[in-house]
>>> print(open('run_18.cif').read())   # mmCIF, C-alpha atoms
data_structure
#
loop_
_atom_site.label_atom_id
_atom_site.label_comp_id
_atom_site.auth_asym_id
_atom_site.auth_seq_id
_atom_site.Cartn_x
_atom_site.Cartn_y
_atom_site.Cartn_z
CA MET K 1214 -13.29 -17.56 -12.35
CA ASP K 1215 -10.39 -17.61 -9.90
CA GLY K 1216 -8.15 -19.29 -12.43
CA GLU K 1217 -5.35 -21.61 -11.39
CA VAL K 1218 -3.74 -20.46 -8.16
CA ILE K 1219 -0.66 -22.12 -6.69
CA LEU K 1220 1.15 -20.99 -3.58
CA LEU K 1221 4.78 -22.05 -3.38
CA ASP K 1222 5.52 -21.75 0.31
CA ALA K 1223 7.18 -23.14 3.42
CA TYR K 1224 5.11 -23.97 6.50
CA ALA K 1225 7.08 -21.77 8.92
CA SER K 1226 7.53 -18.79 6.59
CA MET K 1227 5.87 -15.72 8.07
CA PHE K 1228 5.82 -14.25 4.57
CA GLY K 1229 4.00 -17.28 3.21
CA MET K 1230 1.51 -17.06 6.07
CA ARG K 1231 0.59 -13.56 4.89
CA LEU K 1232 -0.53 -14.93 1.55
CA ARG K 1233 -2.35 -17.90 3.11
CA ILE K 1234 -4.33 -15.45 5.23
CA ALA K 1235 -5.12 -13.17 2.27
CA LEU K 1236 -6.24 -16.03 0.02
CA ALA K 1237 -8.44 -17.33 2.86
CA GLU K 1238 -9.89 -13.87 3.47
CA LYS K 1239 -10.86 -13.75 -0.21
CA GLY K 1240 -12.15 -17.32 -0.30
CA VAL K 1241 -9.78 -18.24 -3.15
CA LYS K 1242 -9.24 -21.93 -3.85
CA TYR K 1243 -5.57 -22.69 -4.38
CA GLU K 1244 -3.01 -25.46 -4.44
CA TYR K 1245 -0.49 -25.29 -1.63
CA ARG K 1246 2.99 -26.58 -2.47
CA GLU K 1247 5.49 -26.97 0.32
CA GLU K 1248 9.16 -26.21 -0.34
CA ASN K 1249 11.50 -28.37 1.67
CA LEU K 1250 13.74 -25.59 2.99
CA PRO K 1251 16.68 -25.13 3.25
CA LYS K 1252 16.85 -27.35 0.15
CA LYS K 1253 15.16 -25.47 -2.72
CA SER K 1254 13.45 -27.06 -5.72
CA PRO K 1255 14.27 -26.35 -9.40
CA PHE K 1256 10.66 -25.19 -9.74
CA LEU K 1257 11.26 -22.47 -7.14
CA PHE K 1258 14.38 -21.30 -9.00
CA GLN K 1259 12.33 -21.20 -12.18
CA MET K 1260 9.49 -19.23 -10.60
CA ASN K 1261 11.70 -16.85 -8.61
CA PRO K 1262 15.05 -16.66 -10.41
CA ILE K 1263 15.96 -13.30 -8.91
CA HIS K 1264 15.51 -13.86 -5.18
CA LYS K 1265 15.06 -17.67 -5.11
CA LYS K 1266 12.75 -17.40 -2.11
CA VAL K 1267 9.30 -18.39 -0.94
CA PRO K 1268 6.53 -17.48 -1.05
CA VAL K 1269 5.69 -17.30 -4.73
CA LEU K 1270 2.09 -16.86 -5.82
CA ILE K 1271 1.51 -18.42 -9.23
CA HIS K 1272 -1.69 -17.25 -10.93
CA ASN K 1273 -2.53 -18.91 -14.25
CA GLY K 1274 1.12 -19.87 -14.63
CA LYS K 1275 2.47 -16.38 -13.93
CA PRO K 1276 4.57 -15.88 -10.80
CA ILE K 1277 4.28 -12.97 -8.37
CA CYS K 1278 7.16 -12.71 -5.91
CA GLU K 1279 7.74 -10.76 -2.68
CA SER K 1280 4.97 -11.19 -0.12
CA LEU K 1281 3.75 -7.60 0.16
CA ILE K 1282 3.61 -7.26 -3.62
CA ALA K 1283 1.71 -10.56 -3.89
CA LEU K 1284 -0.56 -9.41 -1.05
CA GLN K 1285 -1.48 -6.26 -2.96
CA TYR K 1286 -2.00 -8.34 -6.11
CA ILE K 1287 -4.42 -10.67 -4.28
CA ASP K 1288 -6.28 -7.65 -2.90
CA GLU K 1289 -6.59 -6.09 -6.36
CA VAL K 1290 -7.58 -9.20 -8.32
CA TRP K 1291 -10.11 -10.41 -5.73
CA HIS K 1292 -11.22 -6.95 -4.80
CA ASP K 1293 -14.87 -7.77 -4.18
CA LYS K 1294 -14.44 -9.64 -0.93
CA ASN K 1295 -12.86 -8.40 2.31
CA PRO K 1296 -10.76 -5.54 0.93
CA LEU K 1297 -7.43 -5.35 2.74
CA LEU K 1298 -6.08 -1.99 1.59
CA PRO K 1299 -8.15 1.16 2.26
CA SER K 1300 -9.79 2.87 -0.70
CA ASP K 1301 -8.51 6.32 0.28
CA PRO K 1302 -5.05 7.03 -1.25
CA TYR K 1303 -3.69 8.68 1.90
CA LYS K 1304 -4.82 5.83 4.16
CA ARG K 1305 -3.43 3.40 1.61
CA ALA K 1306 -0.04 5.12 1.76
CA GLN K 1307 -0.12 4.88 5.57
CA ALA K 1308 -0.93 1.16 5.42
CA ARG K 1309 1.95 0.57 2.99
CA LEU K 1310 4.31 2.50 5.23
CA TRP K 1311 3.43 0.44 8.31
CA ALA K 1312 3.74 -2.82 6.37
CA ASP K 1313 7.17 -1.62 5.25
CA PHE K 1314 7.98 -0.88 8.91
CA VAL K 1315 7.08 -4.47 9.78
CA ASP K 1316 9.52 -5.71 7.13
CA GLN K 1317 12.29 -3.27 8.02
CA LYS K 1318 12.04 -3.48 11.80
CA VAL K 1319 10.06 -6.45 13.11
CA HIS K 1320 11.59 -8.95 10.70
CA THR K 1321 15.15 -7.64 10.76
CA LEU K 1322 15.28 -7.18 14.53
CA GLY K 1323 13.39 -10.40 15.22
CA ARG K 1324 16.02 -12.23 13.23
CA LYS K 1325 18.79 -10.52 15.15
CA THR K 1326 17.35 -11.63 18.50
CA TRP K 1327 18.49 -15.13 17.62
CA SER K 1328 21.28 -14.70 15.09
CA ALA K 1329 23.31 -12.15 17.06
CA LYS K 1330 25.19 -12.82 20.27
CA GLY K 1331 26.25 -10.98 23.40
CA GLU K 1332 25.81 -7.22 23.40
CA GLU K 1333 24.49 -7.16 19.83
CA GLN K 1334 21.75 -9.63 20.78
CA GLU K 1335 20.82 -7.62 23.88
CA ALA K 1336 20.55 -4.46 21.77
CA ALA K 1337 18.41 -6.29 19.19
CA LYS K 1338 16.02 -7.56 21.88
CA LYS K 1339 15.62 -4.05 23.25
CA GLU K 1340 15.05 -2.54 19.80
CA PHE K 1341 12.62 -5.32 18.91
CA ILE K 1342 10.43 -4.50 21.92
CA GLU K 1343 10.68 -0.80 21.06
CA ALA K 1344 9.47 -1.55 17.53
CA LEU K 1345 6.47 -3.44 18.91
CA LYS K 1346 5.72 -0.50 21.21
CA VAL K 1347 5.79 1.85 18.21
CA LEU K 1348 3.26 -0.47 16.55
CA GLU K 1349 1.17 -0.42 19.73
CA GLY K 1350 1.16 3.36 19.45
CA GLU K 1351 -0.03 3.17 15.86
CA LEU K 1352 -2.75 0.66 16.81
CA GLY K 1353 -4.03 2.95 19.56
CA GLU K 1354 -7.55 2.06 20.59
CA LYS K 1355 -8.50 0.55 17.23
CA PRO K 1356 -9.40 -3.15 17.17
CA TYR K 1357 -7.17 -3.65 14.14
CA PHE K 1358 -4.45 -1.69 12.38
CA GLY K 1359 -6.96 -1.42 9.54
CA GLY K 1360 -9.43 0.28 11.91
CA GLU K 1361 -12.72 -1.51 12.40
CA GLU K 1362 -11.76 -3.99 9.72
CA PHE K 1363 -8.91 -6.48 9.58
CA GLY K 1364 -6.57 -5.10 6.93
CA TYR K 1365 -3.27 -5.01 5.11
CA VAL K 1366 -1.06 -4.17 8.08
CA ASP K 1367 -2.79 -6.79 10.25
CA VAL K 1368 -2.07 -9.43 7.58
CA ALA K 1369 1.53 -8.25 7.24
CA LEU K 1370 2.21 -8.42 10.96
CA ILE K 1371 0.21 -11.27 12.51
CA PRO K 1372 2.40 -14.10 11.11
CA PHE K 1373 5.33 -12.91 13.23
CA TYR K 1374 3.32 -13.94 16.29
CA SER K 1375 3.97 -17.58 15.39
CA TRP K 1376 7.70 -16.87 15.68
CA PHE K 1377 7.55 -15.23 19.11
CA HIS K 1378 8.03 -18.54 20.92
CA ALA K 1379 11.23 -19.16 18.91
CA TYR K 1380 12.51 -15.60 19.54
CA GLU K 1381 11.70 -15.82 23.27
CA THR K 1382 13.30 -19.22 23.75
CA CYS K 1383 16.45 -18.35 21.87
CA GLY K 1384 16.73 -14.82 23.17
CA ASN K 1385 15.65 -15.66 26.71
CA PHE K 1386 13.13 -12.86 27.04
CA LYS K 1387 9.40 -12.42 27.25
CA ILE K 1388 7.60 -10.37 24.64
CA GLY K 1389 3.99 -10.51 25.89
CA THR K 1390 4.61 -9.00 29.31
CA GLN K 1391 6.20 -5.94 27.73
CA CYS K 1392 3.59 -5.40 25.00
CA PRO K 1393 0.13 -6.22 26.42
CA LYS K 1394 -1.81 -4.21 23.81
CA PHE K 1395 0.01 -6.07 21.09
CA VAL K 1396 -0.90 -9.40 22.68
CA ALA K 1397 -4.56 -8.33 22.88
CA TRP K 1398 -4.48 -7.52 19.15
CA THR K 1399 -2.91 -10.91 18.32
CA LYS K 1400 -5.64 -12.74 20.29
CA ARG K 1401 -8.32 -10.74 18.47
CA SER K 1402 -6.73 -11.52 15.10
CA MET K 1403 -6.39 -15.21 15.93
CA GLN K 1404 -10.16 -15.39 16.31
CA ARG K 1405 -10.44 -14.96 12.55
CA GLU K 1406 -10.53 -18.31 10.80
CA SER K 1407 -8.27 -17.06 8.01
CA VAL K 1408 -5.59 -16.38 10.62
CA SER K 1409 -5.98 -19.38 12.92
CA LYS K 1410 -5.90 -21.75 9.92
CA SER K 1411 -2.93 -20.05 8.27
CA LEU K 1412 -0.54 -19.46 11.13
CA ALA K 1413 2.04 -22.11 11.77
CA ASP K 1414 2.13 -23.83 15.14
CA PRO K 1415 4.75 -22.05 17.30
CA GLU K 1416 6.32 -25.36 18.38
CA LYS K 1417 6.72 -26.47 14.77
CA VAL K 1418 8.14 -23.05 13.93
CA TYR K 1419 10.67 -23.52 16.71
CA ASP K 1420 11.69 -26.93 15.32
CA PHE K 1421 12.14 -25.40 11.85
CA PHE K 1422 14.01 -22.51 13.39
CA LEU K 1423 16.51 -24.90 14.98
CA ILE K 1424 17.17 -26.45 11.55
CA LEU K 1425 17.62 -22.94 10.11
CA LYS K 1426 20.02 -21.99 12.89
CA LYS K 1427 22.12 -25.07 12.25
CA HIS K 1428 22.09 -24.42 8.51
CA PHE K 1429 23.37 -20.89 9.03
CA GLY K 1430 25.93 -22.11 11.52
CA VAL K 1431 24.65 -20.11 14.48
CA GLU K 1432 25.01 -22.01 17.75
CA MET C 1061 -6.89 21.64 -8.41
CA ALA C 1062 -7.52 24.83 -6.42
CA GLY C 1063 -6.67 24.82 -2.74
CA GLU C 1064 -4.18 21.98 -2.97
CA GLU C 1065 -1.12 22.48 -0.88
CA VAL C 1066 1.80 20.28 -1.81
CA ILE C 1067 5.16 20.57 -0.08
CA LEU C 1068 8.16 18.36 -0.69
CA LEU C 1069 10.84 18.05 1.97
CA SER C 1070 13.80 17.03 -0.07
CA VAL C 1071 17.54 16.80 0.18
CA TYR C 1072 19.93 17.53 -2.61
CA PRO C 1073 21.26 15.18 -4.05
CA SER C 1074 19.26 12.27 -2.66
CA MET C 1075 18.15 9.83 -5.36
CA PHE C 1076 14.98 9.18 -3.35
CA SER C 1077 14.05 12.85 -3.42
CA MET C 1078 14.66 12.94 -7.19
CA ARG C 1079 12.13 10.13 -7.67
CA VAL C 1080 9.39 12.21 -6.08
CA ARG C 1081 10.33 15.34 -8.01
CA ILE C 1082 10.13 13.42 -11.29
CA ALA C 1083 6.71 12.01 -10.38
CA LEU C 1084 5.35 15.44 -9.43
CA ALA C 1085 6.73 16.91 -12.67
CA GLU C 1086 5.19 14.10 -14.75
CA LYS C 1087 1.82 14.96 -13.24
CA GLY C 1088 2.30 18.71 -13.60
CA VAL C 1089 1.72 19.25 -9.87
CA LYS C 1090 2.64 22.64 -8.46
CA TYR C 1091 4.52 22.29 -5.20
CA GLU C 1092 6.78 24.04 -2.78
CA LEU C 1093 10.25 22.52 -2.60
CA LYS C 1094 11.94 22.74 0.79
CA GLU C 1095 15.46 21.47 0.59
CA GLU C 1096 17.05 20.17 3.73
CA ASP C 1097 20.62 20.00 4.79
CA LEU C 1098 20.63 16.61 6.44
CA THR C 1099 23.48 17.44 8.76
CA ASN C 1100 21.15 19.90 10.45
CA LYS C 1101 17.65 18.40 10.48
CA SER C 1102 14.96 21.03 10.76
CA LEU C 1103 12.14 20.91 13.25
CA LEU C 1104 9.57 20.57 10.47
CA LEU C 1105 11.24 17.46 9.16
CA LEU C 1106 11.36 15.84 12.57
CA GLU C 1107 7.75 16.74 13.24
CA MET C 1108 6.53 15.24 9.99
CA ASN C 1109 8.67 12.11 10.05
CA PRO C 1110 9.13 11.10 13.67
CA VAL C 1111 9.41 7.40 13.01
CA HIS C 1112 11.93 7.36 10.22
CA LYS C 1113 13.67 10.76 10.37
CA LYS C 1114 14.50 10.59 6.70
CA VAL C 1115 13.68 12.51 3.56
CA PRO C 1116 11.87 12.75 1.24
CA VAL C 1117 8.54 13.64 2.82
CA LEU C 1118 5.58 14.75 0.73
CA ILE C 1119 3.11 16.91 2.64
CA HIS C 1120 -0.27 17.04 0.90
CA ASN C 1121 -2.78 19.40 2.50
CA GLY C 1122 -0.89 19.09 5.78
CA LYS C 1123 -0.68 15.30 5.77
CA PRO C 1124 2.72 13.63 5.46
CA ILE C 1125 3.52 10.69 3.17
CA LEU C 1126 6.85 8.90 3.62
CA GLU C 1127 9.15 6.51 1.74
CA SER C 1128 9.91 7.44 -1.85
CA LEU C 1129 8.20 4.52 -3.63
CA ILE C 1130 5.12 4.84 -1.42
CA ILE C 1131 5.07 8.57 -2.20
CA VAL C 1132 5.39 7.92 -5.96
CA GLN C 1133 2.48 5.46 -5.80
CA TYR C 1134 0.45 8.00 -3.83
CA ILE C 1135 1.16 10.70 -6.41
CA ASP C 1136 0.19 8.29 -9.18
CA GLU C 1137 -3.12 7.47 -7.45
CA VAL C 1138 -4.12 11.01 -6.51
CA TRP C 1139 -3.16 12.60 -9.85
CA HIS C 1140 -4.21 9.58 -11.86
CA ASP C 1141 -5.46 11.44 -14.92
CA LYS C 1142 -2.11 12.49 -16.28
CA ASN C 1143 0.84 10.26 -17.29
CA PRO C 1144 -0.02 7.12 -15.30
CA LEU C 1145 3.14 5.59 -13.86
CA GLU C 1146 1.81 2.21 -12.73
CA PRO C 1147 0.29 -0.19 -15.30
CA SER C 1148 -3.47 -0.74 -15.12
CA ASP C 1149 -3.23 -4.53 -15.34
CA PRO C 1150 -2.76 -6.08 -11.86
CA TYR C 1151 -0.11 -8.56 -13.02
CA GLU C 1152 1.90 -5.92 -14.91
CA ARG C 1153 1.55 -3.68 -11.86
CA ALA C 1154 2.91 -6.41 -9.59
CA GLN C 1155 5.89 -6.84 -11.94
CA ALA C 1156 6.60 -3.10 -11.93
CA ARG C 1157 6.47 -3.05 -8.13
CA PHE C 1158 8.74 -6.09 -8.01
CA TRP C 1159 11.45 -4.37 -10.07
CA ALA C 1160 11.16 -1.11 -8.14
CA ASP C 1161 11.55 -3.15 -4.95
CA PHE C 1162 14.52 -5.00 -6.51
CA ILE C 1163 16.22 -1.67 -7.15
CA ASP C 1164 15.69 -0.64 -3.53
CA LYS C 1165 16.94 -3.95 -2.17
CA LYS C 1166 19.94 -4.48 -4.43
CA VAL C 1167 21.34 -1.28 -5.92
CA PHE C 1168 22.11 1.04 -3.05
CA ASP C 1169 24.46 -1.01 -0.91
CA PRO C 1170 26.98 -1.72 -3.68
CA ALA C 1171 26.49 1.83 -4.99
CA ARG C 1172 27.48 3.23 -1.62
CA GLY C 1173 30.39 0.78 -1.47
CA ILE C 1174 31.84 2.24 -4.67
CA TRP C 1175 32.38 5.70 -3.25
CA ALA C 1176 32.54 4.95 0.47
CA THR C 1177 35.12 2.14 0.54
CA LYS C 1178 38.49 1.37 -0.95
CA GLY C 1179 40.73 -1.50 -2.00
CA GLU C 1180 39.22 -4.98 -2.15
CA GLU C 1181 35.92 -3.86 -0.64
CA GLN C 1182 35.54 -1.24 -3.37
CA GLU C 1183 36.36 -3.74 -6.11
CA ALA C 1184 33.72 -6.13 -4.76
CA ALA C 1185 31.18 -3.30 -4.68
CA LYS C 1186 31.94 -2.32 -8.29
CA LYS C 1187 31.57 -5.92 -9.45
CA GLU C 1188 28.26 -6.37 -7.60
CA PHE C 1189 26.96 -3.02 -8.87
CA ILE C 1190 27.64 -3.95 -12.52
CA GLU C 1191 26.02 -7.37 -12.00
CA ILE C 1192 22.85 -5.71 -10.68
CA LEU C 1193 22.80 -3.27 -13.61
CA LYS C 1194 23.16 -6.17 -16.04
CA ILE C 1195 20.15 -7.90 -14.47
CA LEU C 1196 18.21 -4.67 -14.97
CA GLU C 1197 19.43 -4.50 -18.59
CA GLY C 1198 18.00 -8.00 -19.03
CA GLU C 1199 14.65 -6.86 -17.70
CA LEU C 1200 14.69 -3.77 -19.94
CA GLY C 1201 15.34 -5.90 -23.02
CA GLU C 1202 14.47 -4.08 -26.24
CA LYS C 1203 11.83 -1.86 -24.64
CA PRO C 1204 12.37 1.92 -24.73
CA TYR C 1205 11.41 2.15 -21.05
CA PHE C 1206 11.09 -0.38 -18.23
CA GLY C 1207 7.40 0.58 -18.41
CA GLY C 1208 7.29 -0.54 -22.06
CA GLU C 1209 6.25 2.18 -24.48
CA THR C 1210 5.51 4.56 -21.62
CA PHE C 1211 7.75 5.97 -18.89
CA GLY C 1212 6.72 4.27 -15.65
CA LEU C 1213 7.33 3.39 -12.02
CA VAL C 1214 10.54 1.41 -12.57
CA ASP C 1215 11.99 4.15 -14.79
CA VAL C 1216 11.23 6.72 -12.07
CA ALA C 1217 12.73 4.44 -9.41
CA LEU C 1218 16.00 3.91 -11.29
CA ILE C 1219 16.80 7.04 -13.33
CA PRO C 1220 18.03 9.15 -10.37
CA LEU C 1221 20.94 6.71 -10.07
CA TYR C 1222 22.24 8.05 -13.40
CA SER C 1223 23.06 11.42 -11.80
CA TRP C 1224 25.47 9.55 -9.51
CA PHE C 1225 27.30 7.69 -12.31
CA TYR C 1226 29.97 10.37 -12.66
CA ALA C 1227 30.71 10.17 -8.91
CA PHE C 1228 30.83 6.35 -9.02
CA GLU C 1229 33.10 6.34 -12.07
CA THR C 1230 35.47 8.94 -10.64
CA CYS C 1231 35.70 7.30 -7.21
CA GLY C 1232 35.83 3.80 -8.61
CA ASN C 1233 37.99 4.54 -11.63
CA PHE C 1234 35.82 2.65 -14.12
CA LYS C 1235 33.36 3.32 -16.92
CA ILE C 1236 29.79 2.12 -16.49
CA GLU C 1237 28.80 2.66 -20.13
CA SER C 1238 31.40 0.23 -21.45
CA GLN C 1239 29.94 -2.55 -19.30
CA CYS C 1240 26.25 -1.59 -19.41
CA PRO C 1241 25.72 0.24 -22.72
CA LYS C 1242 22.00 -0.59 -22.91
CA LEU C 1243 21.32 0.87 -19.51
CA VAL C 1244 23.20 4.08 -20.25
CA ALA C 1245 21.31 4.36 -23.56
CA TRP C 1246 18.07 4.00 -21.61
CA ALA C 1247 19.20 6.68 -19.14
CA LYS C 1248 20.06 9.14 -21.93
CA PHE C 1249 16.68 8.44 -23.49
CA CYS C 1250 14.95 9.23 -20.16
CA MET C 1251 16.93 12.44 -19.87
CA GLN C 1252 15.06 13.71 -22.93
CA ARG C 1253 11.98 13.97 -20.74
CA GLU C 1254 11.69 17.37 -19.11
CA SER C 1255 10.48 15.86 -15.83
CA VAL C 1256 13.75 13.94 -15.62
CA SER C 1257 16.22 16.54 -16.86
CA GLN C 1258 14.71 19.15 -14.50
CA SER C 1259 14.69 16.83 -11.49
CA LEU C 1260 18.04 15.09 -11.65
CA SER C 1261 20.87 16.65 -9.71
CA ASP C 1262 23.89 17.82 -11.65
CA PRO C 1263 26.51 15.04 -11.68
CA HIS C 1264 29.34 17.38 -10.71
CA SER C 1265 27.36 18.68 -7.71
CA VAL C 1266 26.73 15.07 -6.71
CA TYR C 1267 30.46 14.39 -6.89
CA ASP C 1268 31.19 17.48 -4.77
CA THR C 1269 28.73 16.15 -2.16
CA VAL C 1270 30.47 12.78 -2.17
CA LEU C 1271 33.83 14.47 -1.60
CA PHE C 1272 32.29 16.49 1.23
CA LEU C 1273 30.88 13.36 2.87
CA LYS C 1274 34.18 11.56 2.57
CA LYS C 1275 35.97 14.46 4.18
CA MET C 1276 33.38 15.04 6.91
CA PHE C 1277 33.01 11.48 8.07
CA GLY C 1278 36.31 9.96 7.11
CA ILE C 1279 36.11 7.06 4.71
CA GLU C 1280 36.28 4.37 7.40
CA SER C 1281 33.19 5.42 9.31
CA ILE C 1282 31.20 6.46 6.31
CA THR C 1283 28.97 3.42 5.90
CA THR C 1284 27.43 3.81 9.34
CA GLN C 1285 26.97 7.54 8.92
CA CYS C 1286 25.33 7.12 5.55
CA SER C 1287 22.23 5.45 6.92
CA ILE C 1288 21.12 8.87 8.14
CA PHE C 1289 21.95 10.38 4.81
CA LEU C 1290 20.02 7.66 3.01
CA LEU C 1291 22.62 7.49 0.30
#
>>> encode(input="run_18.cif", output="C-alpha cells")
Amino acid sequence: MDGEVILLDAYASMFGMRLRIALAEKGVKYEYREENLPKKSPFLFQMNPIHKKVPVLIHNGKPICESLIALQYIDEVWHDKNPLLPSDPYKRAQARLWADFVDQKVHTLGRKTWSAKGEEQEAAKKEFIEALKVLEGELGEKPYFGGEEFGYVDVALIPFYSWFHAYETCGNFKIGTQCPKFVAWTKRSMQRESVSKSLADPEKVYDFFLILKKHFGVE
Amino acid sequence: MAGEEVILLSVYPSMFSMRVRIALAEKGVKYELKEEDLTNKSLLLLEMNPVHKKVPVLIHNGKPILESLIIVQYIDEVWHDKNPLEPSDPYERAQARFWADFIDKKVFDPARGIWATKGEEQEAAKKEFIEILKILEGELGEKPYFGGETFGLVDVALIPLYSWFYAFETCGNFKIESQCPKLVAWAKFCMQRESVSQSLSDPHSVYDTVLFLKKMFGIESITTQCSIFLL
C-alpha cells in the first residue's frame, strides 16, 4: 500500500532529517540510502539532475526533490496519519510562511555563523539569535508551532537543533542561554520518537561539519 | 461569495505582485488593488508584513498572507472551483512546486544582474540567465503550458518575467527570443489569456522603472538596494 519508498540522504543533513521525521510520523516503511558527501553518487545525479542535492524522496521510482516539497508530498500521500499541515487554508499558508522563514533565515544565518569571519561572523551570530527570537514570538505559549499538535513548522525546524553544537563551537557563542523558550520547545519535540530517532547526534554532526568546512576551504 | 473582502498590496512592476494578480484574475475574484511605492512604505504595509516588509501581501477578510507562491497556493485552495492552478495528483503537484521553487531560486539573481551590473559581471549574468531559461524550455518540452494542457502554477510563477524582457534586452544588448524561441513562444501564448494580459506590467513602463532605479541608487550600489525592492 505504501509502495516502494527510498530516501536518498546524508546522516548530518538537516533537510534529510525533516523527511526522516515525517516518514516516521506517518509510519511509512522505507529504504534509507546514505550518500557519502561531499562525494556524490551517479544515482543522486540521476535522481536530482537540477540541484544535485540530498535529500531525494523516491516513491515507486519517481523522485521528489527539495525537502519542504517532499515534506508536503509525504503529508498529502499519507494523509490519514498524523497530519502535519493544518486543514484550514489560512493556517496552512501561515505554516508554509514560517517554514520558508526557517529556510531563508535559520539555515542561511546558521551557515554564516561558521562560514563567515570577523565582523561578518559577529553580525551573523547576532542575526541568527534574532531569528530564533522571532520564532519564539511565533511559538508563544503553544506547545508546538503547529499548536497542540506537532506539525509542519516543527518538522522543518527541529533538525537544526542537531547543528547547534557545531554552530556554537565554531562561532564561540551559546544559543540556549539566549533563547530559553526555544530550548524548551526542542526538549518537548525530542520526546517524540520520530524526532529522537531521526535527529543526527550533535557530535557526529560536528565531525561531518569539520569535513564540510575543509572541503569548502574555510579555516 | 458575498461579504468577502480581498485587498492586494502590490507594487508596480514587481513580478511577484503580477503572479498574485494573475491568480486572482484566473479565479474571477473581485479585489481592491492598493499599489505601493516601495521607496515610501506605507503604514498599512508595515503593519501587515512586519517580519518581511515586502510586497505583495494579500489581505483576505483582514488576515494577511505573504510570499507570492504561498499566496498563489492559498488563492488556489480557497477558490478551488474555478481554473485550478495546482494539479490534483500529489506527484504532479510536487513537480509543479519544484519548478516554481526552481524559478524563485535561480532566475532572479541573474535577471537582476543583467540590468544592475555592467561589463564582465553583466555578461556572466546574461549567460546564466539564458542557461536557466533553456533548462525551463527543456521542462516545457512540447506542452502548450508548463501545466500541460492547462495553465498552471509554474506558468503563473514564470510569465511575469516576460514583461521584463524588453528591459533586460535593452540593458543587456541582446535578444532573448533568438536564444530561447520556445520560451518566448510559450510567453506569447500565455499573453492570449486575459488574466495574463491584464496583469502584466507594460514592458516600457518596466524599463522606465529600471532606469529610475539605476539613477536613484547608482549602478554600483544597486544590488544591495534591490533586496528591499524585491526585484
>>> atom_distance(input="run_18.cif", atom1="CA of Lys1330 in chain K", atom2="CA of Glu1343 in chain K")
18.9 Å
>>> interface_residues(input="run_18.cif", of="chain K", to="chain C", cutoff="7 Å", atoms="all atoms listed in the file", output="PyMOL selection string")
chain K and resi 1277+1282+1286+1289-1290+1302+1306+1309
>>> resolve_selection(input="run_18.cif", expression="the PyMOL selection byres ((chain C and resi 1203-1209) around 9)", output="ChimeraX atom specification")
/C:1145-1147,1156,1196,1199-1202,1210-1215,1246,1249-1250
>>> resolve_selection(input="run_18.cif", expression="the PyMOL selection byres ((chain K and resi 1360-1373) around 6)", output="VMD selection string")
chain K and resid 1227 1230 to 1231 1297 to 1298 1308 1312 1355 1357 to 1359 1374 to 1376
>>> atom_distance(input="run_18.cif", atom1="CA of Thr1269 in chain C", atom2="CA of Phe1189 in chain C")
20.4 Å
>>> resolve_selection(input="run_18.cif", expression="the PyMOL selection byres ((chain C and resi 1170) around 7)", output="ChimeraX atom specification")
/C:1167-1169,1171-1174,1185-1186,1188-1189
>>> residues_around(input="run_18.cif", residues="Glu1065 in chain C", least_positions_apart="6", cutoff="8 Å", atoms="only C-alpha atoms", output="list of chain:residue names")
C:Tyr1091, C:Ile1119, C:His1120, C:Asn1121, C:Gly1122
>>> residues_around(input="run_18.cif", residues="range 1406-1415 of chain K", least_positions_apart="3", cutoff="7 Å", atoms="all atoms listed in the file", output="list in words")
Tyr1224, Ala1225, Met1230, Arg1233, Ile1234, Ala1237, Glu1238, Pro1372, Ser1375, Trp1376, His1378, Ser1402, Met1403, Val1418 and Tyr1419 of chain K
>>> atom_distance(input="run_18.cif", atom1="CA of Ala1184 in chain C", atom2="CA of Gln1239 in chain C")
15.4 Å
